[in-house]
Amino acid sequence: MECGGLYIMGYNKSLDFLNMIRNGAEPTKNNEAHKTQAQSTTTKSEPEKPQPRPTAPGNTAHHDAATTNLFAVIDTETNWNDQVMSLGVAIADQNTLKCLDTRYYIFEQEARVGGMYSNVMHSCDVKPIMATRQQAMQDLASYLADQSITDIYAYNAKFDYSHLPELKAYNWFDIMRIAAYRQFNKAIPDSAACCKTGRLKSNYGVEPITRMLTGSSRYFEVHNAVADAVDELRIIELLDLPLDTYEIAKINN
């Protein structure tokens, strides 16, 4: 799948069932979640809705929001202090689910601390925007506003949501809450162990889910924020579900 210079690689349900999924417990095991580093529980005050600002130079391609409905898929990587050190964004069309553009930020101060995946921080063809966290988040808010984007998707979205309080005014949806359920993911084999709710009991991170959906065991998650954002968008495309399906996976109602 190519995007922004990257090469990455009818059912009916009762209200009770929907609520069971929405209110279900989040996974805690390392092999069940996309992130492997500690999750922060610190909360900050609710930010104002981002307003358009002049966009800084970067990997942008303007798309007319009047004719194209867009959404963003976001992925982060954190340093040894559990601070975001890199942020990747894949922009997609709501109708085709195809990647149209990417954007990649490296937070200079946090990146100097180093982290588990520092060695692959530059392992992609997308030129990163090197900036302070404040500069990067202001630029991203301007970029999303310019594209009229209000919806953000992420895999194990609570992790990214809790680490990016600047983006809490957006609508956030968890791809994992859909991909890990037999009712939505038809690629889950009959032999897979699932909970009564239909959720896989284990192995529902980005890597095993992508392998299920593609039928290929050759896929490996890069752990580069922008490459992973594109891969997570690919999961949405492969599930091939209407985006309103993800309403039950909204994390900040």
# chains A, B, ... in the order shown; residues from 1 in each chain; ligands from 1
$ residues_around --residues "Arg218 (chain A)" --least-positions-apart "5" --cutoff "12 Å" --atoms "only C-alpha atoms" --output "compact mmCIF listing (two decimals) with N, CA and C atoms, in the first residue's frame"
# COMPACT_ATOMS: atom_id res chain seq x y z
N MET A 9 3.79 -2.14 3.70
CA MET A 9 3.38 -3.38 3.12
C MET A 9 2.67 -3.28 1.80
N GLU A 207 -0.18 -6.26 14.63
CA GLU A 207 0.52 -7.28 13.84
C GLU A 207 -0.32 -8.54 13.61
N PRO A 208 -0.85 -9.20 14.66
CA PRO A 208 -1.65 -10.41 14.40
C PRO A 208 -2.94 -10.13 13.65
N THR A 210 -3.44 -7.73 11.39
CA THR A 210 -3.09 -7.50 9.98
C THR A 210 -2.76 -8.81 9.29
N ARG A 211 -2.09 -9.70 10.00
CA ARG A 211 -1.79 -11.02 9.42
C ARG A 211 -3.08 -11.79 9.13
N MET A 212 -4.04 -11.71 10.04
CA MET A 212 -5.33 -12.37 9.80
C MET A 212 -6.01 -11.82 8.56
$ select_by_dssp --residues "region 131-231 of chain A" --states "helix (DSSP H, G or I)" --output "JSON, numbers by chain"
{"A": [133, 134, 135, 136, 137, 138, 139, 140, 141, 142, 143, 144, 145, 146, 157, 158, 159, 160, 161, 162, 163, 165, 166, 167, 176, 177, 178, 179, 206, 207, 208, 209, 210, 211, 212, 213, 214, 225, 226, 227, 228, 229, 230, 231]}
$ closest_residue --among "A:Leu167, A:Val206, A:Met130, A:Ile152" --to "Leu243 (chain A)" --atoms "only C-alpha atoms"
A:Ile152
$ residues_around --residues "region 72-89 of chain A" --least-positions-apart "6" --cutoff "6 Å" --atoms "only C-alpha atoms" --output "ChimeraX atom specification"
/A:102-107,110-111,114-115,152-154,225-226,229
$ write_last_selection --atoms "N, CA and C atoms" --output "PDB file, in the first residue's frame"
ATOM      1  N   THR A 102       0.022  11.928   4.346  1.00  0.00           N
ATOM      2  CA  THR A 102       0.610  11.602   5.641  1.00  0.00           C
ATOM      3  C   THR A 102       1.286  12.838   6.224  1.00  0.00           C
ATOM      4  N   ARG A 103       1.482  12.801   7.516  1.00  0.00           N
ATOM      5  CA  ARG A 103       2.189  13.872   8.210  1.00  0.00           C
ATOM      6  C   ARG A 103       2.919  13.239   9.391  1.00  0.00           C
ATOM      7  N   TYR A 104       4.148  13.687   9.627  1.00  0.00           N
ATOM      8  CA  TYR A 104       4.988  13.016  10.618  1.00  0.00           C
ATOM      9  C   TYR A 104       5.749  14.054  11.437  1.00  0.00           C
ATOM     10  N   TYR A 105       5.605  13.968  12.758  1.00  0.00           N
ATOM     11  CA  TYR A 105       6.261  14.893  13.671  1.00  0.00           C
ATOM     12  C   TYR A 105       7.216  14.134  14.586  1.00  0.00           C
ATOM     13  N   ILE A 106       8.372  14.721  14.828  1.00  0.00           N
ATOM     14  CA  ILE A 106       9.277  14.253  15.871  1.00  0.00           C
ATOM     15  C   ILE A 106       9.469  15.385  16.862  1.00  0.00           C
ATOM     16  N   PHE A 107       9.138  15.112  18.122  1.00  0.00           N
ATOM     17  CA  PHE A 107       9.279  16.118  19.180  1.00  0.00           C
ATOM     18  C   PHE A 107      10.738  16.107  19.634  1.00  0.00           C
ATOM     19  N   GLU A 110      11.760  15.452  23.522  1.00  0.00           N
ATOM     20  CA  GLU A 110      11.372  14.118  23.973  1.00  0.00           C
ATOM     21  C   GLU A 110      12.143  13.028  23.229  1.00  0.00           C
ATOM     22  N   ALA A 111      12.439  13.270  21.960  1.00  0.00           N
ATOM     23  CA  ALA A 111      13.168  12.278  21.172  1.00  0.00           C
ATOM     24  C   ALA A 111      14.598  12.115  21.668  1.00  0.00           C
ATOM     25  N   GLY A 114      15.196   9.290  24.151  1.00  0.00           N
ATOM     26  CA  GLY A 114      15.292   7.938  23.597  1.00  0.00           C
ATOM     27  C   GLY A 114      14.183   7.045  24.099  1.00  0.00           C
ATOM     28  N   GLY A 115      13.910   6.000  23.354  1.00  0.00           N
ATOM     29  CA  GLY A 115      12.845   5.073  23.723  1.00  0.00           C
ATOM     30  C   GLY A 115      13.063   3.725  23.071  1.00  0.00           C
ATOM     31  N   ILE A 152     -10.826  11.252  14.609  1.00  0.00           N
ATOM     32  CA  ILE A 152      -9.519  10.626  14.710  1.00  0.00           C
ATOM     33  C   ILE A 152      -9.701   9.159  15.087  1.00  0.00           C
ATOM     34  N   TYR A 153      -9.004   8.270  14.379  1.00  0.00           N
ATOM     35  CA  TYR A 153      -9.022   6.836  14.656  1.00  0.00           C
ATOM     36  C   TYR A 153      -7.625   6.410  15.092  1.00  0.00           C
ATOM     37  N   ALA A 154      -7.570   5.451  15.974  1.00  0.00           N
ATOM     38  CA  ALA A 154      -6.284   4.912  16.417  1.00  0.00           C
ATOM     39  C   ALA A 154      -6.486   3.493  16.914  1.00  0.00           C
ATOM     40  N   ALA A 225       5.977   5.743  13.917  1.00  0.00           N
ATOM     41  CA  ALA A 225       4.632   6.300  14.116  1.00  0.00           C
ATOM     42  C   ALA A 225       3.859   6.511  12.819  1.00  0.00           C
ATOM     43  N   VAL A 226       4.492   7.050  11.799  1.00  0.00           N
ATOM     44  CA  VAL A 226       3.746   7.329  10.573  1.00  0.00           C
ATOM     45  C   VAL A 226       3.509   6.046   9.779  1.00  0.00           C
ATOM     46  N   ALA A 229       0.661   4.340  11.506  1.00  0.00           N
ATOM     47  CA  ALA A 229      -0.624   5.007  11.245  1.00  0.00           C
ATOM     48  C   ALA A 229      -1.199   4.539   9.909  1.00  0.00           C
TER      49      ALA A 229
END
$ residues_around --residues "region 172-182 of chain A" --least-positions-apart "5" --cutoff "6 Å" --atoms "only C-alpha atoms" --output "compact mmCIF listing (two decimals) with all heavy atoms, in the first residue's frame"
# COMPACT_ATOMS: atom_id res chain seq x y z
N ILE A 152 -10.83 11.25 14.61
CA ILE A 152 -9.52 10.63 14.71
C ILE A 152 -9.70 9.16 15.09
O ILE A 152 -10.45 8.84 16.01
CB ILE A 152 -8.64 11.32 15.76
CG1 ILE A 152 -8.30 12.76 15.30
CG2 ILE A 152 -7.36 10.54 16.03
CD1 ILE A 152 -7.57 13.57 16.35
N TYR A 153 -9.00 8.27 14.38
CA TYR A 153 -9.02 6.84 14.66
C TYR A 153 -7.62 6.41 15.09
O TYR A 153 -6.63 6.96 14.62
CB TYR A 153 -9.44 6.05 13.41
CG TYR A 153 -10.87 6.28 12.98
CD1 TYR A 153 -11.27 7.48 12.39
CD2 TYR A 153 -11.84 5.29 13.15
CE1 TYR A 153 -12.58 7.70 12.00
CE2 TYR A 153 -13.16 5.50 12.74
CZ TYR A 153 -13.52 6.70 12.18
OH TYR A 153 -14.82 6.92 11.80
N ALA A 154 -7.57 5.45 15.97
CA ALA A 154 -6.28 4.91 16.42
C ALA A 154 -6.49 3.49 16.91
O ALA A 154 -7.59 3.11 17.30
CB ALA A 154 -5.68 5.78 17.51
N TYR A 155 -5.42 2.72 16.90
CA TYR A 155 -5.48 1.34 17.40
C TYR A 155 -5.09 1.35 18.87
O TYR A 155 -4.04 1.83 19.24
CB TYR A 155 -4.55 0.43 16.60
CG TYR A 155 -4.99 -1.01 16.59
CD1 TYR A 155 -5.81 -1.49 15.56
CD2 TYR A 155 -4.63 -1.88 17.59
CE1 TYR A 155 -6.24 -2.80 15.54
CE2 TYR A 155 -5.06 -3.20 17.58
CZ TYR A 155 -5.86 -3.65 16.56
OH TYR A 155 -6.30 -4.96 16.55
N ASN A 156 -5.97 0.78 19.71
CA ASN A 156 -5.86 0.95 21.17
C ASN A 156 -5.84 2.44 21.47
O ASN A 156 -4.92 2.97 22.10
CB ASN A 156 -4.60 0.26 21.72
CG ASN A 156 -4.60 0.19 23.24
OD1 ASN A 156 -5.63 0.29 23.88
ND2 ASN A 156 -3.42 0.03 23.82
N ALA A 157 -6.89 3.10 21.02
CA ALA A 157 -6.94 4.57 20.98
C ALA A 157 -6.82 5.23 22.34
O ALA A 157 -6.39 6.38 22.43
CB ALA A 157 -8.22 5.03 20.29
N GLY A 198 -17.54 -12.12 21.96
CA GLY A 198 -17.01 -12.25 20.61
C GLY A 198 -15.61 -11.71 20.45
O GLY A 198 -15.01 -11.85 19.38
N ARG A 199 -15.04 -11.12 21.51
CA ARG A 199 -13.70 -10.55 21.44
C ARG A 199 -12.63 -11.63 21.59
O ARG A 199 -12.77 -12.54 22.41
CB ARG A 199 -13.50 -9.51 22.55
CG ARG A 199 -12.27 -8.63 22.36
CD ARG A 199 -11.87 -7.99 23.67
NE ARG A 199 -11.32 -8.98 24.58
CZ ARG A 199 -11.13 -8.78 25.88
NH1 ARG A 199 -11.50 -7.65 26.44
NH2 ARG A 199 -10.61 -9.73 26.63
N LEU A 200 -11.61 -11.53 20.76
CA LEU A 200 -10.47 -12.42 20.90
C LEU A 200 -9.90 -12.34 22.31
O LEU A 200 -9.81 -11.25 22.88
CB LEU A 200 -9.38 -12.05 19.89
CG LEU A 200 -9.60 -12.46 18.44
CD1 LEU A 200 -8.65 -11.70 17.52
CD2 LEU A 200 -9.42 -13.96 18.26
N TYR A 204 -4.54 -9.70 19.60
CA TYR A 204 -5.29 -8.80 18.73
C TYR A 204 -4.63 -7.43 18.64
O TYR A 204 -5.28 -6.40 18.53
CB TYR A 204 -6.76 -8.67 19.16
CG TYR A 204 -7.02 -8.40 20.63
CD1 TYR A 204 -6.99 -7.11 21.13
CD2 TYR A 204 -7.33 -9.43 21.49
CE1 TYR A 204 -7.27 -6.85 22.46
CE2 TYR A 204 -7.61 -9.20 22.82
CZ TYR A 204 -7.57 -7.89 23.31
OH TYR A 204 -7.84 -7.65 24.63
N ALA A 249 -17.35 2.23 19.12
CA ALA A 249 -15.96 2.23 19.57
C ALA A 249 -15.47 3.64 19.86
O ALA A 249 -14.27 3.87 19.98
CB ALA A 249 -15.07 1.59 18.51
N LYS A 250 -16.39 4.56 20.02
CA LYS A 250 -16.02 5.94 20.34
C LYS A 250 -15.59 5.99 21.80
O LYS A 250 -16.27 5.46 22.68
CB LYS A 250 -17.21 6.88 20.10
CG LYS A 250 -16.84 8.36 20.16
CD LYS A 250 -18.04 9.21 19.73
CE LYS A 250 -17.69 10.69 19.73
NZ LYS A 250 -18.84 11.52 19.32
N ILE A 251 -14.45 6.62 22.07
CA ILE A 251 -13.90 6.53 23.42
C ILE A 251 -14.11 7.77 24.28
O ILE A 251 -13.78 7.74 25.46
CB ILE A 251 -12.39 6.20 23.38
CG1 ILE A 251 -11.59 7.38 22.82
CG2 ILE A 251 -12.13 4.93 22.61
CD1 ILE A 251 -10.10 7.19 22.98
